[in-house]
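So this block is input_13.pdb, PDB, C-alpha atoms, pLDDT in the B column:
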```pdb
ATOM      1  CA  MET A 979       0.000   0.000   0.000  1.00 55.00           C
ATOM      2  CA  HIS A 980       2.843   2.343   0.779  1.00 53.00           C
ATOM      3  CA  ALA A 981       4.248   1.561  -2.641  1.00 62.00           C
ATOM      4  CA  ALA A 982       0.862   2.461  -4.158  1.00 60.00           C
ATOM      5  CA  GLY A 983       1.024   5.855  -2.458  1.00 55.00           C
ATOM      6  CA  ASP A 984       4.592   6.379  -3.652  1.00 55.00           C
ATOM      7  CA  TYR A 985       3.584   5.364  -7.172  1.00 58.00           C
ATOM      8  CA  ALA A 986       0.682   7.833  -7.076  1.00 59.00           C
ATOM      9  CA  ILE A 987       3.073  10.613  -6.116  1.00 56.00           C
ATOM     10  CA  ILE A 988       5.643   9.724  -8.766  1.00 59.00           C
ATOM     11  CA  SER A 989       3.128   9.047 -11.546  1.00 59.00           C
ATOM     12  CA  THR A 990       1.645  12.530 -11.308  1.00 57.00           C
ATOM     13  CA  GLY A 991       5.096  13.963 -12.003  1.00 57.00           C
ATOM     14  CA  ASP A 992       4.915  16.407  -9.113  1.00 54.00           C
ATOM     15  CA  THR A 993       7.374  15.050  -6.556  1.00 49.00           C
ATOM     16  CA  LYS A 994       7.398  18.365  -4.697  1.00 51.00           C
ATOM     17  CA  ARG A 995       3.644  17.858  -4.065  1.00 47.00           C
ATOM     18  CA  THR A 996       2.675  21.477  -4.246  1.00 47.00           C
ATOM     19  CA  PRO A 997      -1.050  22.058  -3.744  1.00 49.00           C
ATOM     20  CA  ASP A 998      -2.877  22.149  -7.041  1.00 54.00           C
ATOM     21  CA  LYS A 999      -5.852  24.170  -8.157  1.00 55.00           C
ATOM     22  CA  VAL A1000      -8.445  22.002  -6.424  1.00 51.00           C
ATOM     23  CA  ARG A1001      -6.765  20.641  -3.315  1.00 55.00           C
ATOM     24  CA  ASP A1002      -5.800  23.556  -1.112  1.00 56.00           C
ATOM     25  CA  THR A1003      -3.398  21.738   1.180  1.00 52.00           C
ATOM     26  CA  PHE A1004      -0.796  19.013   1.078  1.00 52.00           C
ATOM     27  CA  LEU A1005      -2.884  16.727   3.318  1.00 52.00           C
ATOM     28  CA  ASN A1006      -5.849  16.669   0.923  1.00 60.00           C
ATOM     29  CA  ASP A1007      -3.796  14.669  -1.546  1.00 64.00           C
ATOM     30  CA  PRO A1008      -5.079  11.066  -1.651  1.00 66.00           C
ATOM     31  CA  ALA A1009      -1.542   9.691  -2.084  1.00 69.00           C
ATOM     32  CA  VAL A1010      -0.318  11.392   1.086  1.00 72.00           C
ATOM     33  CA  ILE A1011      -3.367  10.243   3.043  1.00 73.00           C
ATOM     34  CA  LEU A1012      -2.775   6.677   1.816  1.00 75.00           C
ATOM     35  CA  ILE A1013       0.852   6.757   2.926  1.00 78.00           C
ATOM     36  CA  VAL A1014      -0.022   8.139   6.389  1.00 81.00           C
ATOM     37  CA  VAL A1015      -2.751   5.535   6.925  1.00 82.00           C
ATOM     38  CA  VAL A1016      -0.403   2.726   5.857  1.00 83.00           C
ATOM     39  CA  VAL A1017       2.332   3.858   8.238  1.00 84.00           C
ATOM     40  CA  VAL A1018      -0.099   4.083  11.169  1.00 84.00           C
ATOM     41  CA  MET A1019      -1.657   0.705  10.391  1.00 84.00           C
ATOM     42  CA  PHE A1020       1.806  -0.868  10.083  1.00 86.00           C
ATOM     43  CA  PHE A1021       2.746   0.455  13.527  1.00 82.00           C
ATOM     44  CA  ILE A1022      -0.465  -0.855  15.073  1.00 81.00           C
ATOM     45  CA  THR A1023      -0.259  -4.303  13.491  1.00 82.00           C
ATOM     46  CA  PHE A1024       3.463  -4.597  14.255  1.00 80.00           C
ATOM     47  CA  CYS A1025       2.837  -3.935  17.936  1.00 75.00           C
ATOM     48  CA  GLY A1026      -0.053  -6.414  18.024  1.00 77.00           C
ATOM     49  CA  CYS A1027       1.804  -9.130  16.134  1.00 77.00           C
ATOM     50  CA  SER A1028       5.006  -8.733  18.142  1.00 74.00           C
ATOM     51  CA  ARG A1029       2.981  -8.823  21.344  1.00 68.00           C
ATOM     52  CA  ALA A1030       1.419 -12.101  20.313  1.00 67.00           C
ATOM     53  CA  LEU A1031       4.783 -13.645  19.419  1.00 67.00           C
ATOM     54  CA  ARG A1032       6.941 -12.406  22.281  1.00 69.00           C
ATOM     55  CA  GLU A1033       4.388 -11.779  25.040  1.00 73.00           C
ATOM     56  CA  ASN A1034       5.917  -8.355  25.572  1.00 74.00           C
ATOM     57  CA  VAL A1035       3.904  -6.196  27.969  1.00 78.00           C
ATOM     58  CA  HIS A1036       5.287  -2.921  26.618  1.00 79.00           C
ATOM     59  CA  LEU A1037       4.180  -3.720  23.086  1.00 76.00           C
ATOM     60  CA  LEU A1038       0.787  -4.732  24.438  1.00 78.00           C
ATOM     61  CA  LYS A1039       0.484  -1.325  26.088  1.00 80.00           C
ATOM     62  CA  ALA A1040       1.575   0.411  22.874  1.00 79.00           C
ATOM     63  CA  PHE A1041      -0.927  -1.665  20.880  1.00 80.00           C
ATOM     64  CA  SER A1042      -3.830  -0.907  23.218  1.00 82.00           C
ATOM     65  CA  PHE A1043      -2.857   2.778  23.421  1.00 86.00           C
ATOM     66  CA  SER A1044      -2.708   3.106  19.633  1.00 83.00           C
ATOM     67  CA  LEU A1045      -6.098   1.404  19.178  1.00 85.00           C
ATOM     68  CA  THR A1046      -7.585   3.656  21.857  1.00 90.00           C
ATOM     69  CA  LEU A1047      -6.059   6.693  20.180  1.00 89.00           C
ATOM     70  CA  VAL A1048      -7.520   5.700  16.797  1.00 87.00           C
ATOM     71  CA  LEU A1049     -10.943   5.157  18.377  1.00 90.00           C
ATOM     72  CA  PHE A1050     -10.967   8.517  20.157  1.00 94.00           C
ATOM     73  CA  THR A1051      -9.677  10.286  17.051  1.00 89.00           C
ATOM     74  CA  GLN A1052     -12.552   8.864  15.003  1.00 87.00           C
ATOM     75  CA  LEU A1053     -15.042   9.863  17.703  1.00 93.00           C
ATOM     76  CA  ALA A1054     -13.598  13.382  17.889  1.00 93.00           C
ATOM     77  CA  ILE A1055     -13.809  13.780  14.107  1.00 87.00           C
ATOM     78  CA  ALA A1056     -17.431  12.587  14.149  1.00 88.00           C
ATOM     79  CA  VAL A1057     -18.389  14.977  16.958  1.00 91.00           C
ATOM     80  CA  LEU A1058     -16.589  17.909  15.336  1.00 89.00           C
ATOM     81  CA  GLY A1059     -18.291  17.103  12.040  1.00 85.00           C
ATOM     82  CA  LEU A1060     -21.624  17.142  13.835  1.00 88.00           C
ATOM     83  CA  PHE A1061     -21.000  20.449  15.614  1.00 89.00           C
ATOM     84  CA  TYR A1062     -19.460  22.167  12.614  1.00 88.00           C
ATOM     85  CA  SER A1063     -21.723  20.667   9.961  1.00 86.00           C
ATOM     86  CA  ASP A1064     -22.271  24.034   8.278  1.00 88.00           C
ATOM     87  CA  GLN A1065     -18.544  24.602   7.825  1.00 88.00           C
ATOM     88  CA  VAL A1066     -18.095  21.026   6.594  1.00 81.00           C
ATOM     89  CA  ARG A1067     -20.921  21.506   4.097  1.00 85.00           C
ATOM     90  CA  ASP A1068     -19.431  24.813   2.905  1.00 87.00           C
ATOM     91  CA  ALA A1069     -15.963  23.295   2.500  1.00 82.00           C
ATOM     92  CA  LEU A1070     -17.413  20.351   0.595  1.00 78.00           C
ATOM     93  CA  GLU A1071     -19.394  22.730  -1.625  1.00 84.00           C
ATOM     94  CA  ARG A1072     -16.243  24.755  -2.397  1.00 83.00           C
ATOM     95  CA  PHE A1073     -14.367  21.550  -3.212  1.00 77.00           C
ATOM     96  CA  VAL A1074     -17.100  20.351  -5.567  1.00 77.00           C
ATOM     97  CA  LYS A1075     -17.294  23.710  -7.347  1.00 81.00           C
ATOM     98  CA  LYS A1076     -13.521  23.752  -7.866  1.00 79.00           C
ATOM     99  CA  SER A1077     -13.650  20.129  -8.976  1.00 76.00           C
ATOM    100  CA  ILE A1078     -16.218  20.917 -11.639  1.00 78.00           C
ATOM    101  CA  VAL A1079     -14.044  23.685 -13.045  1.00 79.00           C
ATOM    102  CA  TYR A1080     -10.835  21.602 -13.113  1.00 77.00           C
ATOM    103  CA  TYR A1081     -12.455  18.216 -13.843  1.00 76.00           C
ATOM    104  CA  ARG A1082     -10.334  17.341 -16.896  1.00 80.00           C
ATOM    105  CA  ASP A1083      -7.021  18.650 -15.507  1.00 78.00           C
ATOM    106  CA  ASP A1084      -6.411  15.982 -12.821  1.00 73.00           C
ATOM    107  CA  LEU A1085      -6.977  12.285 -13.503  1.00 76.00           C
ATOM    108  CA  ASP A1086      -7.183  11.439  -9.776  1.00 73.00           C
ATOM    109  CA  LEU A1087      -9.824  14.103  -9.283  1.00 74.00           C
ATOM    110  CA  GLN A1088     -11.740  12.900 -12.316  1.00 79.00           C
ATOM    111  CA  ASN A1089     -11.751   9.318 -11.012  1.00 80.00           C
ATOM    112  CA  LEU A1090     -12.864  10.495  -7.564  1.00 77.00           C
ATOM    113  CA  MET A1091     -15.731  12.551  -8.940  1.00 78.00           C
ATOM    114  CA  ASP A1092     -16.838   9.703 -11.232  1.00 83.00           C
ATOM    115  CA  TYR A1093     -16.811   7.272  -8.293  1.00 83.00           C
ATOM    116  CA  ILE A1094     -18.861   9.639  -6.125  1.00 79.00           C
ATOM    117  CA  GLN A1095     -21.389  10.115  -8.918  1.00 80.00           C
ATOM    118  CA  ARG A1096     -21.740   6.341  -9.389  1.00 82.00           C
ATOM    119  CA  GLU A1097     -22.245   5.809  -5.668  1.00 80.00           C
ATOM    120  CA  ILE A1098     -24.811   8.606  -5.358  1.00 81.00           C
ATOM    121  CA  ALA A1099     -26.648   7.320  -8.428  1.00 77.00           C
ATOM    122  CA  GLY A1100     -26.769   3.862  -6.855  1.00 77.00           C
ATOM    123  CA  ILE A1101     -28.133   5.232  -3.595  1.00 79.00           C
ATOM    124  CA  VAL A1102     -30.764   7.344  -5.350  1.00 75.00           C
ATOM    125  CA  LEU A1103     -31.777   4.440  -7.553  1.00 75.00           C
ATOM    126  CA  SER A1104     -32.143   2.109  -4.587  1.00 79.00           C
ATOM    127  CA  GLN A1105     -34.283   4.691  -2.768  1.00 77.00           C
ATOM    128  CA  ILE A1106     -36.533   5.027  -5.815  1.00 78.00           C
ATOM    129  CA  LEU A1107     -36.903   1.255  -6.092  1.00 76.00           C
ATOM    130  CA  ILE A1108     -37.690   0.933  -2.381  1.00 79.00           C
ATOM    131  CA  SER A1109     -40.365   3.635  -2.592  1.00 81.00           C
ATOM    132  CA  GLN A1110     -41.899   1.977  -5.674  1.00 78.00           C
ATOM    133  CA  MET A1111     -41.969  -1.396  -3.914  1.00 79.00           C
ATOM    134  CA  GLN A1112     -43.616   0.159  -0.868  1.00 80.00           C
ATOM    135  CA  ASP A1113     -46.233   1.782  -3.094  1.00 78.00           C
ATOM    136  CA  GLU A1114     -46.958  -1.554  -4.750  1.00 76.00           C
ATOM    137  CA  ILE A1115     -47.247  -3.320  -1.406  1.00 80.00           C
ATOM    138  CA  SER A1116     -49.544  -0.664   0.020  1.00 79.00           C
ATOM    139  CA  SER A1117     -51.785  -0.741  -3.059  1.00 74.00           C
ATOM    140  CA  VAL A1118     -52.312  -4.521  -2.825  1.00 66.00           C
TER     141      VAL A1118
END
```

With the file now loaded, output its structure as structure tokens.
Amino acid sequence: MHAAGDYAIISTGDTKRTPDKVRDTFLNDPAVILIVVVVVMFFITFCGCSRALRENVHLLKAFSFSLTLVLFTQLAIAVLGLFYSDQVRDALERFVKKSIVYYRDDLDLQNLMDYIQREIAGIVLSQILISQMQDEISSV
């Protein structure tokens, strides 16, 4: 996975990773996020695996601390997203508007937008089918 992130960085030709027209910061780059997640997951699994093999109490503490940290980080992000939902919606709206303008310039962005559109279309279609089935059941 780390190699996939490195390949994504190298294949775009921008090894300096300067923010582009759509992504405002370095951390919004999917390749960088992939690399960070892989490094964190490697640390967590290494501590857990080494703990199981060597019965090392210190690695067990590091493993449990890292899992607890990941859990609380996810909870904090969810709570902050709930409290600041207007800002999250505005930031997402700005991102989508920029993405529409620069859709053909970045292949990663184009693939992301196409994936999101397919997923939303699938959700909308399933909701329409469910409502039609409920109408048919209620009419019988």

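Between CA of Ser1104 in chain A and CA of Ile1055 in chain A the separation is 28.7 Å.
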
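The spacing separating CA of Arg1067 in chain A from CA of Leu1012 in chain A amounts to 23.5 Å.
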
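Atom pair CA of Leu1053 in chain A / CA of Tyr1093 in chain A: separated by 26.2 Å.
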
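Closest to Lys1075 in chain A among A:Leu1037, A:Ala1099, A:Met1091, A:Cys1025 is A:Met1091, based on all atoms listed in the file.
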
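Counting all atoms listed in the file and comparing A:Ile1108, A:Tyr1062, A:Ile1101, A:Ile1022, the residue that lies closest to Phe1043 in chain A is A:Ile1022.
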
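Applied to this file, the PyMOL selection byres ((chain A and resi 1078) around 12) selects the residues Lys999, Val1000, Glu1071, Arg1072, Phe1073, Val1074, Lys1075, Lys1076, Ser1077, Val1079, Tyr1080, Tyr1081, Arg1082, Asp1083, Asp1084, Leu1087, Gln1088, Leu1090, Met1091 and Asp1092 of chain A.
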
**Request:** Taking the file above as input, evaluate the PyMOL selection byres ((chain A and resi 1041) around 9) and report the hits as an MDAnalysis selection string.
**Result:** chainID A and resid 1021:1026 1029 1036:1040 1042:1046
